[in-house]
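Visitor: Take this structure, written in structure tokens, and hold onto it; I'll ask about it next.
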Amino acid sequence: MTQMEELLAAAIRELEGNKDIKALETWRVRYLGRKGALTEALRGLRALSLEERRTAGARANEAKATLEARYNDMLLSLSAEAENARARASALDISLPGYPLAVGHKHPVTQAVEDLQRIFLSMGFQTADGPEVEWDYYNFEALNIPAEHPARDNMSTFWVDAKAERPTLLRTHTTSVSARMIESRKPPIRVIEPGKVYRYEATDATHFSQFTQVDGVAVDKGITMADLKGTLYEFSRQYFGPDRKVRFRPDYFPFVEPGVEMAIECAVCHGVGCRLCGESGWIEILGAGMTHPDVLRRGGIDPEVYSSFAFGIGIERLPMLRYGIEDVRLFFSGDLRFLRQF
């Protein structure tokens with residue numbers, strides 16, 4: 001019995017000195033395992049008489065129950081401490097700098113459209129929209145483009161094979177929206193129409209089968225070519241800056257008379273000549289002119305009373321000229337290395 005009490009006291013003292021689960025498991029094996037000290041003590045009871053064995057066995061069982069209870073309590077305590085330590089180790093340290101998160105932004109073409117809307121809004125223009133799948137009438141006939149014109153050929157236009165009220169196509173210019181505005185609104189009219197357009201043509205550094213265009217039209221009494229040039233000069237000054245050179249040259253478009261082309265000095269070579277500008281030093285960005293009287297007349301506006309100017313701008317060429325981008329196809333590539341620069 002004295003040996004049992006000494007064993008129990010020693011086991012409790014050693015148990016209370018354990019500081020981790022690994023040491024606790026070593027203690028359990030030493031005292032409660034199949035070959036542990038308490039088990040060996042119980043085996044020694046066989047040498048005692050029956051009466052002594054009964055008394056000593058009861059005390060040994062009490063000692064074993066005490067040690068198991070103490071062991072379980074210590075195991076729960078150390079497990080909780082270990083879990084708390086793991087939680088503290090993985091907890092958010094608010095004193096550390098945060099992880100940088102990639103933030104999306106608008107596509108450079110979208111940015112250019114919004115810049116143009118802001119610029120023309122400052123000059124009193126509203127923004128209008130129209131269908132991308134357009135009737136032949138508004139895309140061609142209303143704009144003085146006759147049935148035999150090569151632009152209406154299958155090799156130049158994406159026609160839609162559908163049972164529609166009229167011949168239907170993917171619009172080749174947002175000038176079709178200008179035709180709708182002239183027909184549906186009464187003067188004075190001052191509106192721009194941004195949107196996607198589609199042309200069946202070869203792809204190169206400055207051409208793509210789908211691109212973005214902003215057309216504009218102004219209708220009022222007494223509008224002249226000077227108003228057109230002043231509007232486009234102001235657009236160029238606000239978008240490219242006052243130092244960028246601008247060039248106007250006569251050109252032909254069926255829906256204007258007279259017609260002009262406006263070109264901007266190449267941002268890559270600054271007028272010397274490079275691949276982007278076709279060695280000319282200039283890049284055409286828009287066609288414009290005084291709206292043809294027949295176009296006004298088809299829209300129900302009397303050309304003897306009102307005059308009008310119109311223009312169409314290829315949007316992709318604007319950031320190309322502003323930032324010196326050499327290939328229009330980059331805008332449609334989805335390459336994040338390119339897009340993150342804007």
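Just so we're on the same page: first chain in the structure tokens is A, next is B, and so on; residues restart at 1 for each chain, and ligands are numbered from 1 in the order they show up.
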Set the distance at 8 Å and use only C-alpha atoms: which residues neighbour Tyr198 (chain A) once local chain neighbours fewer than 5 positions away are removed? I'd like the list as a PDB file with N, CA and C atoms, in the first residue's frame.
Guide:
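Wrote around08.pdb, looks like this:
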ATOM      1  N   THR A 157     -19.649  44.351 -97.254  1.00  0.00           N
ATOM      2  CA  THR A 157     -20.654  44.522 -96.198  1.00  0.00           C
ATOM      3  C   THR A 157     -21.103  43.167 -95.675  1.00  0.00           C
ATOM      4  N   PHE A 158     -21.368  43.097 -94.375  1.00  0.00           N
ATOM      5  CA  PHE A 158     -21.912  41.885 -93.766  1.00  0.00           C
ATOM      6  C   PHE A 158     -23.435  41.961 -93.833  1.00  0.00           C
ATOM      7  N   LEU A 170     -25.259  44.340 -90.942  1.00  0.00           N
ATOM      8  CA  LEU A 170     -24.535  44.939 -89.828  1.00  0.00           C
ATOM      9  C   LEU A 170     -24.070  46.306 -90.295  1.00  0.00           C
ATOM     10  N   ARG A 171     -24.458  47.351 -89.585  1.00  0.00           N
ATOM     11  CA  ARG A 171     -24.213  48.707 -90.080  1.00  0.00           C
ATOM     12  C   ARG A 171     -22.721  48.925 -90.355  1.00  0.00           C
ATOM     13  N   THR A 172     -22.441  49.630 -91.442  1.00  0.00           N
ATOM     14  CA  THR A 172     -21.060  49.909 -91.829  1.00  0.00           C
ATOM     15  C   THR A 172     -20.570  51.246 -91.296  1.00  0.00           C
ATOM     16  N   HIS A 173     -21.452  52.049 -90.760  1.00  0.00           N
ATOM     17  CA  HIS A 173     -21.076  53.326 -90.145  1.00  0.00           C
ATOM     18  C   HIS A 173     -22.226  53.780 -89.245  1.00  0.00           C
ATOM     19  N   SER A 209     -12.135  44.452 -89.079  1.00  0.00           N
ATOM     20  CA  SER A 209     -13.495  44.219 -89.584  1.00  0.00           C
ATOM     21  C   SER A 209     -14.569  44.745 -88.633  1.00  0.00           C
ATOM     22  N   GLN A 210     -14.215  44.926 -87.374  1.00  0.00           N
ATOM     23  CA  GLN A 210     -15.129  45.555 -86.418  1.00  0.00           C
ATOM     24  C   GLN A 210     -14.374  46.673 -85.730  1.00  0.00           C
ATOM     25  N   PHE A 211     -14.978  47.826 -85.654  1.00  0.00           N
ATOM     26  CA  PHE A 211     -14.343  48.930 -84.946  1.00  0.00           C
ATOM     27  C   PHE A 211     -15.430  49.842 -84.395  1.00  0.00           C
TER      28      PHE A 211
END
Visitor: Identify, with DSSP run on backbone atoms, the residues in region 157-322 of chain A assigned to strand (DSSP E or B), and express the list as a count of residues only.
Guide: 61
Visitor: How many Å lie between CA of Leu24 (chain A) and CA of Ala87 (chain A), rounded to one decimal?
Guide: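 It comes out at 21.8 Å.
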Visitor: Please provide the set of residues having any atom within 7 Å of region 270-287 of chain A, restricted to only C-alpha atoms, with same-chain residues fewer than 6 positions apart removed, written as a ChimeraX atom specification.
Guide: /A:205,260-264,311-314,317,326
Visitor: Env of Tyr252 (chain A): 12 Å cut, atoms = only C-alpha atoms, seq-sep filter 6 positions within chain, self excluded. Answer as a PyMOL selection string.
Guide: chain A and resi 258-261+287-292
Visitor: For a quick check of understanding, using only C-alpha atoms, which of A:Leu336, A:Val256, A:Val246, A:Leu8 has the smallest distance to Gly230 (chain A)?
Guide: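 Result for the nearest residue to Gly230 (chain A): A:Val246.
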Visitor: To one decimal place in Å, what is the distance between CA of Asp294 (chain A) and CA of Gly124 (chain A)?
Guide: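 It comes out at 25.5 Å.
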Visitor: What does the distance between CA of Arg180 (chain A) and CA of Tyr138 (chain A) come to in Å, to one decimal place?
Guide: 6.9 Å
Visitor: Write out as a PyMOL selection string which residues come within 7 Å of Thr206 (chain A) when counting only C-alpha atoms, dropping same-chain ones fewer than 2 positions away.
Guide: chain A and resi 204+327-328
